[in-house]
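One file, target13.cif, carrying mmCIF, C-alpha atoms:
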```cif
data_query
loop_
_atom_site.label_atom_id
_atom_site.label_comp_id
_atom_site.auth_asym_id
_atom_site.auth_seq_id
_atom_site.Cartn_x
_atom_site.Cartn_y
_atom_site.Cartn_z
CA MET A 1 99.88 91.01 117.90
CA LEU A 2 96.51 90.09 119.38
CA ASN A 3 98.31 88.90 122.50
CA ILE A 4 99.05 92.53 123.22
CA ILE A 5 96.10 94.42 121.71
CA TRP A 6 93.36 92.13 123.01
CA PRO A 7 94.08 92.51 126.75
CA ILE A 8 94.79 96.23 126.29
CA PHE A 9 91.35 96.74 124.72
CA ILE A 10 89.64 95.02 127.62
CA ILE A 11 91.72 96.64 130.35
CA ILE A 12 91.28 100.20 129.10
CA SER A 13 87.56 99.58 128.63
CA TYR A 14 87.31 98.37 132.23
CA ILE A 15 89.16 101.37 133.61
CA TYR A 16 87.21 103.82 131.48
CA ALA A 17 83.89 102.20 132.42
CA ILE A 18 84.64 102.55 136.15
CA PHE A 19 85.45 106.24 135.81
CA SER A 20 82.44 106.97 133.62
CA GLY A 21 80.09 104.81 135.71
CA ARG A 22 79.26 102.44 132.88
CA LEU A 23 80.33 99.17 134.41
CA GLU A 24 76.78 97.88 134.21
CA ASN A 25 76.77 98.41 130.42
CA VAL A 26 80.02 96.52 130.17
CA ASN A 27 78.61 93.70 132.25
CA ASN A 28 75.63 93.39 129.91
CA ALA A 29 77.78 93.72 126.82
CA ILE A 30 80.00 90.79 127.81
CA PHE A 31 77.13 88.34 127.54
CA GLU A 32 75.42 90.09 124.67
CA TYR A 33 78.49 90.06 122.47
CA THR A 34 79.26 86.43 123.30
CA LYS A 35 75.80 85.65 122.03
CA THR A 36 76.48 87.71 118.89
CA ALA A 37 79.62 85.65 118.30
CA VAL A 38 77.53 82.46 118.46
CA GLU A 39 74.91 83.89 116.11
CA LEU A 40 77.56 84.96 113.63
CA THR A 41 79.20 81.55 113.80
CA ILE A 42 75.91 79.81 113.12
CA THR A 43 75.35 82.02 110.06
CA LEU A 44 78.92 81.39 109.01
CA LEU A 45 78.45 77.64 109.49
CA GLY A 46 75.69 77.60 106.89
CA THR A 47 77.47 79.69 104.28
CA MET A 48 80.83 78.03 104.83
CA CYS A 49 79.34 74.56 104.28
CA LEU A 50 77.40 75.75 101.25
CA TRP A 51 80.27 77.47 99.45
CA ASN A 52 82.90 74.97 100.46
CA GLY A 53 80.70 72.25 99.01
CA LEU A 54 80.06 74.15 95.80
CA MET A 55 83.74 75.00 95.50
CA GLU A 56 84.62 71.35 95.86
CA ILE A 57 82.40 70.66 92.84
CA ALA A 58 83.86 73.57 90.88
CA SER A 59 87.43 72.54 91.61
CA ASN A 60 86.67 69.05 90.31
CA THR A 61 85.61 70.44 86.93
CA LYS A 62 87.25 72.45 84.17
CA LEU A 63 85.40 75.59 85.25
CA ILE A 64 88.19 76.40 87.63
CA ASN A 65 90.85 76.07 84.92
CA ARG A 66 89.03 78.62 82.82
CA ILE A 67 88.70 81.19 85.56
CA ASN A 68 92.29 80.55 86.52
CA LYS A 69 93.50 81.20 82.99
CA ILE A 70 91.69 84.53 82.79
CA LEU A 71 93.07 85.73 86.11
CA SER A 72 96.54 84.23 85.88
CA PRO A 73 98.41 87.39 84.77
CA LEU A 74 97.06 89.27 87.78
CA VAL A 75 97.57 86.39 90.20
CA ASN A 76 101.10 85.75 88.95
CA PHE A 77 101.99 89.39 89.42
CA LEU A 78 100.51 89.66 92.92
CA PHE A 79 101.60 86.27 94.25
CA PRO A 80 105.05 85.50 92.85
CA GLU A 81 106.00 83.08 95.68
CA ASN A 82 103.45 80.49 94.66
CA LYS A 83 104.00 80.80 90.92
CA ASN A 84 104.23 77.08 90.30
CA ASN A 85 101.56 75.97 92.70
CA LYS A 86 98.43 75.45 90.64
CA LYS A 87 96.19 74.56 93.55
CA ILE A 88 96.95 77.74 95.46
CA HIS A 89 96.44 79.84 92.35
CA GLU A 90 93.07 78.22 91.77
CA GLU A 91 91.95 78.95 95.30
CA ILE A 92 93.14 82.55 95.10
CA SER A 93 91.35 83.02 91.75
CA MET A 94 88.08 81.69 93.13
CA ASN A 95 88.35 84.02 96.12
CA ILE A 96 88.92 86.99 93.80
CA VAL A 97 85.92 85.99 91.66
CA ALA A 98 83.68 85.61 94.72
CA ASN A 99 84.79 89.01 96.01
CA MET A 100 84.17 90.66 92.66
CA LEU A 101 80.69 89.20 92.40
CA GLY A 102 79.94 90.53 95.87
CA LEU A 103 79.55 87.02 97.26
CA GLY A 104 81.09 87.99 100.58
CA ASN A 105 79.72 84.85 102.16
CA ALA A 106 81.52 82.74 99.60
CA ALA A 107 84.71 84.76 99.51
CA THR A 108 85.65 84.10 103.13
CA PRO A 109 85.51 80.28 103.01
CA LEU A 110 87.40 80.30 99.71
CA GLY A 111 89.94 82.75 101.08
CA LEU A 112 90.53 80.69 104.21
CA LYS A 113 91.11 77.65 102.05
CA ALA A 114 93.80 79.51 100.12
CA MET A 115 95.34 80.70 103.40
CA LYS A 116 95.53 77.10 104.61
CA SER A 117 97.27 75.95 101.43
CA MET A 118 99.74 78.82 101.62
CA GLN A 119 100.38 78.05 105.29
CA ASP A 120 101.25 74.46 104.36
CA ASN A 121 104.12 75.81 102.28
CA ASN A 122 105.14 78.36 104.88
CA LYS A 123 108.48 77.66 106.54
CA ASN A 124 107.91 79.88 109.57
CA LYS A 125 104.40 78.91 110.70
CA GLU A 126 104.06 81.90 113.01
CA ARG A 127 104.82 84.56 110.42
CA LEU A 128 102.87 85.63 107.35
CA THR A 129 104.62 85.01 104.03
CA ASP A 130 104.77 87.82 101.46
CA ASP A 131 102.01 86.20 99.44
CA MET A 132 99.78 85.68 102.46
CA ALA A 133 100.19 89.34 103.41
CA THR A 134 99.29 90.46 99.88
CA PHE A 135 96.33 88.10 99.87
CA ILE A 136 94.89 89.48 103.10
CA ILE A 137 95.31 93.06 101.88
CA LEU A 138 93.52 92.15 98.66
CA ASN A 139 90.66 90.77 100.75
CA THR A 140 90.42 93.82 103.00
CA ALA A 141 90.12 95.98 99.88
CA SER A 142 86.70 94.48 99.02
CA ILE A 143 86.89 94.79 95.26
CA GLN A 144 83.40 94.14 93.96
CA ILE A 145 81.54 94.77 90.74
CA ILE A 146 78.19 95.22 92.44
CA PRO A 147 78.13 96.39 96.07
CA THR A 148 75.04 94.35 96.89
CA THR A 149 74.77 95.09 100.61
CA VAL A 150 74.77 98.86 100.26
CA ILE A 151 72.43 98.76 97.30
CA SER A 152 69.92 96.73 99.25
CA ILE A 153 70.19 99.12 102.22
CA ARG A 154 69.64 102.05 99.86
CA MET A 155 66.65 100.29 98.33
CA SER A 156 65.11 99.60 101.72
CA LEU A 157 65.45 103.27 102.64
CA GLY A 158 63.53 104.30 99.53
CA SER A 159 66.33 105.70 97.42
CA LEU A 160 65.24 107.03 94.03
CA GLN A 161 68.26 105.45 92.42
CA PRO A 162 69.77 102.71 94.60
CA THR A 163 72.55 101.95 92.12
CA LYS A 164 73.68 105.56 91.75
CA ILE A 165 76.76 104.97 93.90
CA ILE A 166 78.21 102.16 91.79
CA PHE A 167 80.64 104.24 89.80
CA ALA A 168 81.86 106.06 92.89
CA VAL A 169 82.30 102.74 94.70
CA TRP A 170 84.37 101.31 91.83
CA PHE A 171 86.61 104.32 91.72
CA SER A 172 87.15 104.53 95.43
CA THR A 173 87.70 100.76 95.88
CA ILE A 174 90.29 100.76 93.13
CA CYS A 175 92.12 103.72 94.69
CA ALA A 176 92.05 102.00 98.08
CA ALA A 177 93.25 98.69 96.64
CA ILE A 178 96.09 100.36 94.76
CA VAL A 179 97.28 102.17 97.90
CA GLY A 180 97.01 99.00 100.00
CA LEU A 181 98.83 96.81 97.49
CA ALA A 182 101.49 99.45 96.79
CA ILE A 183 102.29 99.77 100.50
CA THR A 184 102.37 95.97 100.74
CA LYS A 185 104.77 95.62 97.82
CA ILE A 186 107.01 98.36 99.19
CA CYS A 187 107.06 96.78 102.66
CA ILE A 188 107.94 93.41 101.08
CA LYS A 189 110.79 95.03 99.13
CA LEU A 190 112.04 96.59 102.35
CA LYS A 191 111.79 93.16 103.98
CA LEU A 192 109.58 94.37 106.82
CA MET B 1 70.27 101.10 86.38
CA LYS B 2 67.42 98.67 86.86
CA PHE B 3 69.54 96.22 84.92
CA LEU B 4 72.21 96.38 87.62
CA ASN B 5 69.64 95.55 90.26
CA TYR B 6 68.70 92.44 88.34
CA ILE B 7 72.34 91.42 88.07
CA SER B 8 72.79 91.57 91.82
CA ILE B 9 69.74 89.36 92.32
CA PHE B 10 70.87 86.86 89.69
CA ALA B 11 74.50 86.61 90.77
CA VAL B 12 74.27 83.99 93.51
CA PRO B 13 71.72 81.57 91.99
CA THR B 14 73.43 81.79 88.60
CA ALA B 15 76.87 81.10 90.08
CA ILE B 16 75.48 78.00 91.78
CA LEU B 17 73.77 76.87 88.57
CA ILE B 18 76.93 77.24 86.49
CA ILE B 19 78.96 75.22 88.98
CA LEU B 20 76.34 72.45 89.05
CA LEU B 21 76.01 72.32 85.27
CA TYR B 22 79.77 71.98 84.89
CA GLY B 23 79.74 69.12 87.38
CA ILE B 24 76.88 67.32 85.65
CA PHE B 25 78.36 67.73 82.17
CA GLU B 26 81.62 66.24 83.36
CA ARG B 27 79.71 63.33 84.92
CA LYS B 28 80.77 63.90 88.53
CA ASN B 29 78.88 62.71 91.59
CA VAL B 30 78.01 66.27 92.45
CA PHE B 31 76.22 65.60 95.72
CA ASP B 32 78.96 63.38 97.14
CA ILE B 33 81.54 65.99 96.23
CA PHE B 34 79.37 68.72 97.75
CA LEU B 35 79.13 66.84 101.05
CA LYS B 36 82.87 66.36 101.20
CA GLY B 37 83.46 70.08 100.76
CA ALA B 38 80.72 71.06 103.19
CA ASN B 39 82.34 68.85 105.81
CA ASP B 40 85.57 70.79 105.52
CA GLY B 41 83.53 73.96 105.96
CA ILE B 42 82.37 72.87 109.42
CA LYS B 43 85.94 72.25 110.53
CA MET B 44 87.00 75.74 109.46
CA VAL B 45 84.15 77.46 111.30
CA ILE B 46 84.85 75.58 114.50
CA LYS B 47 88.45 76.65 114.24
CA ILE B 48 87.48 80.33 113.94
CA PHE B 49 84.81 80.33 116.65
CA PRO B 50 87.11 80.89 119.69
CA THR B 51 88.71 83.86 117.90
CA LEU B 52 85.31 85.39 117.30
CA VAL B 53 84.27 85.04 120.94
CA GLY B 54 87.50 86.67 122.04
CA LEU B 55 87.27 89.51 119.56
CA PHE B 56 83.63 90.20 120.28
CA LEU B 57 84.40 90.40 123.97
CA ALA B 58 86.94 93.13 123.24
CA ILE B 59 84.67 94.97 120.81
CA GLY B 60 81.78 94.77 123.27
CA ALA B 61 83.92 96.12 126.08
CA LEU B 62 85.21 98.96 123.93
CA SER B 63 81.85 100.15 122.72
CA SER B 64 79.84 99.68 125.94
CA SER B 65 82.37 101.37 128.21
CA GLY B 66 82.11 104.54 126.14
CA ILE B 67 85.82 104.62 125.42
CA LEU B 68 85.11 104.20 121.71
CA ASP B 69 83.34 107.58 121.70
CA PHE B 70 86.32 109.02 123.49
CA ILE B 71 88.71 107.61 120.89
CA ILE B 72 86.43 108.87 118.12
CA ASN B 73 86.86 112.40 119.45
CA LEU B 74 90.62 112.00 119.37
CA ILE B 75 90.73 110.60 115.85
CA LYS B 76 88.37 113.34 114.69
CA LEU B 77 91.37 115.63 114.64
CA VAL B 78 93.10 113.42 112.08
CA LEU B 79 89.97 112.97 109.97
CA ASN B 80 89.25 116.69 110.08
CA PHE B 81 92.57 117.10 108.39
CA ALA B 82 91.40 114.69 105.67
CA LYS B 83 88.26 116.80 105.13
CA ILE B 84 85.84 114.06 106.08
CA PRO B 85 82.58 115.67 107.28
CA ALA B 86 82.03 115.46 111.04
CA GLU B 87 78.75 113.56 110.62
CA ILE B 88 80.57 110.67 108.96
CA MET B 89 83.31 110.41 111.61
CA PRO B 90 81.70 107.69 113.74
CA LEU B 91 81.25 105.56 110.63
CA ALA B 92 84.79 106.17 109.44
CA ILE B 93 86.16 104.92 112.74
CA LEU B 94 83.76 102.04 113.26
CA ARG B 95 84.02 100.74 109.71
CA PRO B 96 87.33 98.86 110.03
CA ILE B 97 86.37 97.48 113.47
CA SER B 98 82.82 96.22 113.29
CA GLY B 99 80.75 95.08 110.30
CA SER B 100 77.34 95.00 111.97
CA GLY B 101 78.14 98.16 113.95
CA SER B 102 79.08 100.12 110.85
CA ILE B 103 76.00 98.93 108.95
CA ALA B 104 73.86 100.18 111.83
CA VAL B 105 75.60 103.56 111.92
CA ALA B 106 75.49 103.86 108.11
CA THR B 107 71.78 103.08 107.95
CA ASP B 108 71.13 105.58 110.70
CA LEU B 109 73.10 108.30 108.88
CA MET B 110 71.31 107.62 105.59
CA LYS B 111 67.95 107.84 107.33
CA LYS B 112 68.87 111.03 109.13
CA PHE B 113 70.27 112.95 106.17
CA GLY B 114 68.41 111.18 103.34
CA VAL B 115 69.74 108.32 101.21
CA ASP B 116 70.25 110.50 98.17
CA SER B 117 71.71 113.50 99.98
CA LEU B 118 75.41 114.34 99.77
CA ILE B 119 76.10 112.66 103.12
CA GLY B 120 73.89 109.69 102.21
CA LEU B 121 75.80 109.12 98.99
CA MET B 122 79.17 109.47 100.75
CA VAL B 123 78.10 106.98 103.42
CA GLY B 124 76.92 104.48 100.81
CA THR B 125 80.15 104.77 98.87
CA ILE B 126 82.25 104.29 102.00
CA MET B 127 80.27 101.17 102.91
CA GLY B 128 80.65 99.76 99.40
CA SER B 129 84.32 100.42 99.00
CA THR B 130 85.76 99.37 102.36
CA GLU B 131 85.80 96.20 104.42
CA THR B 132 85.70 95.27 108.09
CA THR B 133 89.48 95.27 108.03
CA LEU B 134 90.24 94.15 111.58
CA TYR B 135 87.78 91.27 111.40
CA THR B 136 89.16 90.12 108.04
CA ILE B 137 92.73 90.24 109.31
CA ALA B 138 91.81 88.42 112.53
CA VAL B 139 89.87 85.66 110.81
CA TYR B 140 92.42 85.11 108.05
CA THR B 141 95.43 85.02 110.36
CA SER B 142 93.86 83.05 113.19
CA SER B 143 92.49 80.36 110.89
CA VAL B 144 96.09 79.31 110.22
CA ASN B 145 97.50 80.25 113.65
CA ILE B 146 99.67 83.11 112.45
CA LYS B 147 101.15 85.22 115.25
CA LYS B 148 103.29 87.72 113.34
CA ILE B 149 101.17 89.79 110.98
CA ARG B 150 104.03 92.10 109.93
CA PHE B 151 102.87 95.31 108.23
CA ILE B 152 99.39 94.34 107.07
CA LEU B 153 97.41 96.24 109.71
CA PHE B 154 99.12 99.45 108.64
CA ALA B 155 98.68 98.73 104.93
CA ALA B 156 95.00 97.78 105.32
CA LEU B 157 94.15 100.84 107.40
CA ALA B 158 95.95 103.09 104.93
CA ALA B 159 93.84 101.54 102.17
CA ASP B 160 90.67 102.11 104.21
CA LEU B 161 91.56 105.74 104.83
CA THR B 162 92.21 106.19 101.11
CA GLY B 163 88.84 104.65 100.30
CA MET B 164 87.09 107.02 102.70
CA ILE B 165 88.84 110.15 101.49
CA VAL B 166 88.15 109.24 97.85
CA SER B 167 84.48 108.37 98.63
CA VAL B 168 83.99 111.79 100.18
CA ALA B 169 85.96 113.72 97.58
CA ILE B 170 84.35 112.06 94.57
CA TRP B 171 80.84 113.15 95.60
CA ARG B 172 81.98 116.66 96.32
CA ILE B 173 83.34 116.76 92.76
CA LEU B 174 80.49 114.88 91.02
CA LEU B 175 77.74 116.97 92.59
CA ARG B 176 79.56 120.15 91.69
CA ILE B 177 79.88 119.17 88.02
CA PHE B 178 76.36 117.83 87.50
#
```

Rewritten as structure tokens:
Amino acid sequence: MLNIIWPIFIIISYIYAIFSGRLENVNNAIFEYTKTAVELTITLLGTMCLWNGLMEIASNTKLINRINKILSPLVNFLFPENKNNKKIHEEISMNIVANMLGLGNAATPLGLKAMKSMQDNNKNKERLTDDMATFIILNTASIQIIPTTVISIRMSLGSLQPTKIIFAVWFSTICAAIVGLAITKICIKLKL
Amino acid sequence: MKFLNYISIFAVPTAILIILLYGIFERKNVFDIFLKGANDGIKMVIKIFPTLVGLFLAIGALSSSGILDFIINLIKLVLNFAKIPAEIMPLAILRPISGSGSIAVATDLMKKFGVDSLIGLMVGTIMGSTETTLYTIAVYTSSVNIKKIRFILFAALAADLTGMIVSVAIWRILLRIF
């Protein structure tokens, strides 16, 4: 997909920039955004090492079995393909927990680990399996108990009640997640 | 409410503590295990890095050429239909594409209209209930070299749109009741 979208994005930007006389902005942006990618990667490097290391400890203890047991009805329902694969279920559970706790930095490394394990069992390496598709949708839904980032932005802007939005966030995330997962399940049934 | 603030501060350190305590109680060499995991972390980041450079090039081109504003005007028609206030439009469109970009726009909107105003609350709720969908999809698929992403872009964007419509509607309703 990116083989088509990626060049299109750049080509239309180029054409539009010429007609609107903004080629200089584009020229600057090319180097600026490359630098941003490096900065983001460096940040990611720290958090990925941290949470991967901590996860390695957790997965060597019984902590992970406990969490897994609590979440297993949900995980079994959402990811039927990998029903008998304990390792994948553990990794998915940890990703869900990290997401719920608002540990976005931890959720990504854990999620990528689960993706890798699912890919190992994937017969067609170029195509997402049903479970992988569901898993990505679950991660784009950003289900979290405490939306830490927004709360801290609200605090910094001097809100009288930074946590006022929590209930609304829960409700709207759940609606979004239900719609996303329902469409996913329907598309899987239709074998899209 | 103050209690919830404390929870968000305690979450990360406490999670780390629990993991460590479990490791110590089960007599594991926690630091050795940590290093092994951290090493795998480096490999994953290096694998994602080229994707990020590529994607950021495209995002940079889109936003600096001004075509993003042009597209925003087009999509406005759709969002108008969904009753999302015009002020929030740029955020609604940027949100799935760029994490740092949408945080900047959201902060700006909250400053301009007031954090606790109707728009400020809507913006906060949108930020809390949606994700940088395109980035998530790109990172998750490229880390395992997937080429065919099937229907997930459609499903994720539909979920995002739902989140935005609900975020806007819920504050309209809540502020009318209370």

Protein and nucleic acid residues near (94.5, 84.8, 110.2) (cut-off 10 Å, only C-alpha atoms) as a PyMOL selection string: (chain A and resi 112+115-116+128+132-133+136) or (chain B and resi 48+51+135-149)

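The nearest approach to Phe31 in chain A among the residues B:Leu161, B:Ala38, B:Ile71, B:Gly60, with all atoms listed in the file taken into account, belongs to B:Gly60.
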
Taking all atoms listed in the file into account, name the residue in B:Ile84, B:Leu94, B:Leu62, B:Gly99 that is nearest to chain A. B:Leu62

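With CA of Asn122 in chain A on one side and CA of Asn139 in chain A on the other, the separation reads 19.5 Å.
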
Pull out every residue that the PyMOL selection byres ((chain A and resi 52) around 12) matches in the shown coordinates and put them as a VMD selection string. (chain A and resid 44 to 51 53 to 59 91 94 to 95 105 to 114) or (chain B and resid 16 33 to 45)

Any chance you could model N, CA and C atoms for range 22-38 of chain A and send them as a PDB file, in the frame of the given file?
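Produced file rebuild-v8.pdb, reproduced below:
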```
ATOM      1  N   ARG A  22      79.980 103.248 133.862  1.00  0.00           N
ATOM      2  CA  ARG A  22      79.260 102.440 132.880  1.00  0.00           C
ATOM      3  C   ARG A  22      79.549 100.955 133.036  1.00  0.00           C
ATOM      4  N   LEU A  23      79.952 100.566 134.227  1.00  0.00           N
ATOM      5  CA  LEU A  23      80.330  99.170 134.410  1.00  0.00           C
ATOM      6  C   LEU A  23      79.159  98.233 134.148  1.00  0.00           C
ATOM      7  N   GLU A  24      77.959  98.722 134.443  1.00  0.00           N
ATOM      8  CA  GLU A  24      76.780  97.880 134.210  1.00  0.00           C
ATOM      9  C   GLU A  24      76.619  97.586 132.715  1.00  0.00           C
ATOM     10  N   ASN A  25      76.834  98.618 131.882  1.00  0.00           N
ATOM     11  CA  ASN A  25      76.770  98.410 130.420  1.00  0.00           C
ATOM     12  C   ASN A  25      77.773  97.369 129.984  1.00  0.00           C
ATOM     13  N   VAL A  26      78.978  97.469 130.561  1.00  0.00           N
ATOM     14  CA  VAL A  26      80.020  96.520 130.170  1.00  0.00           C
ATOM     15  C   VAL A  26      79.602  95.111 130.566  1.00  0.00           C
ATOM     16  N   ASN A  27      79.067  95.012 131.767  1.00  0.00           N
ATOM     17  CA  ASN A  27      78.610  93.700 132.250  1.00  0.00           C
ATOM     18  C   ASN A  27      77.585  93.092 131.287  1.00  0.00           C
ATOM     19  N   ASN A  28      76.629  93.888 130.864  1.00  0.00           N
ATOM     20  CA  ASN A  28      75.630  93.390 129.910  1.00  0.00           C
ATOM     21  C   ASN A  28      76.264  93.031 128.579  1.00  0.00           C
ATOM     22  N   ALA A  29      77.189  93.893 128.144  1.00  0.00           N
ATOM     23  CA  ALA A  29      77.780  93.720 126.820  1.00  0.00           C
ATOM     24  C   ALA A  29      78.555  92.411 126.726  1.00  0.00           C
ATOM     25  N   ILE A  30      79.196  92.014 127.832  1.00  0.00           N
ATOM     26  CA  ILE A  30      80.000  90.790 127.810  1.00  0.00           C
ATOM     27  C   ILE A  30      79.164  89.606 127.332  1.00  0.00           C
ATOM     28  N   PHE A  31      77.957  89.487 127.898  1.00  0.00           N
ATOM     29  CA  PHE A  31      77.130  88.340 127.540  1.00  0.00           C
ATOM     30  C   PHE A  31      76.450  88.548 126.192  1.00  0.00           C
ATOM     31  N   GLU A  32      76.080  89.795 125.925  1.00  0.00           N
ATOM     32  CA  GLU A  32      75.420  90.090 124.670  1.00  0.00           C
ATOM     33  C   GLU A  32      76.333  89.806 123.484  1.00  0.00           C
ATOM     34  N   TYR A  33      77.579  90.230 123.589  1.00  0.00           N
ATOM     35  CA  TYR A  33      78.490  90.060 122.470  1.00  0.00           C
ATOM     36  C   TYR A  33      78.938  88.607 122.307  1.00  0.00           C
ATOM     37  N   THR A  34      78.964  87.858 123.421  1.00  0.00           N
ATOM     38  CA  THR A  34      79.260  86.430 123.300  1.00  0.00           C
ATOM     39  C   THR A  34      78.153  85.759 122.495  1.00  0.00           C
ATOM     40  N   LYS A  35      76.937  86.191 122.771  1.00  0.00           N
ATOM     41  CA  LYS A  35      75.800  85.650 122.030  1.00  0.00           C
ATOM     42  C   LYS A  35      75.904  86.028 120.543  1.00  0.00           C
ATOM     43  N   THR A  36      76.312  87.283 120.292  1.00  0.00           N
ATOM     44  CA  THR A  36      76.480  87.710 118.890  1.00  0.00           C
ATOM     45  C   THR A  36      77.511  86.830 118.186  1.00  0.00           C
ATOM     46  N   ALA A  37      78.583  86.488 118.898  1.00  0.00           N
ATOM     47  CA  ALA A  37      79.620  85.650 118.300  1.00  0.00           C
ATOM     48  C   ALA A  37      79.028  84.295 117.907  1.00  0.00           C
ATOM     49  N   VAL A  38      78.167  83.749 118.768  1.00  0.00           N
ATOM     50  CA  VAL A  38      77.530  82.460 118.460  1.00  0.00           C
ATOM     51  C   VAL A  38      76.624  82.602 117.250  1.00  0.00           C
TER      52      VAL A  38
END
```
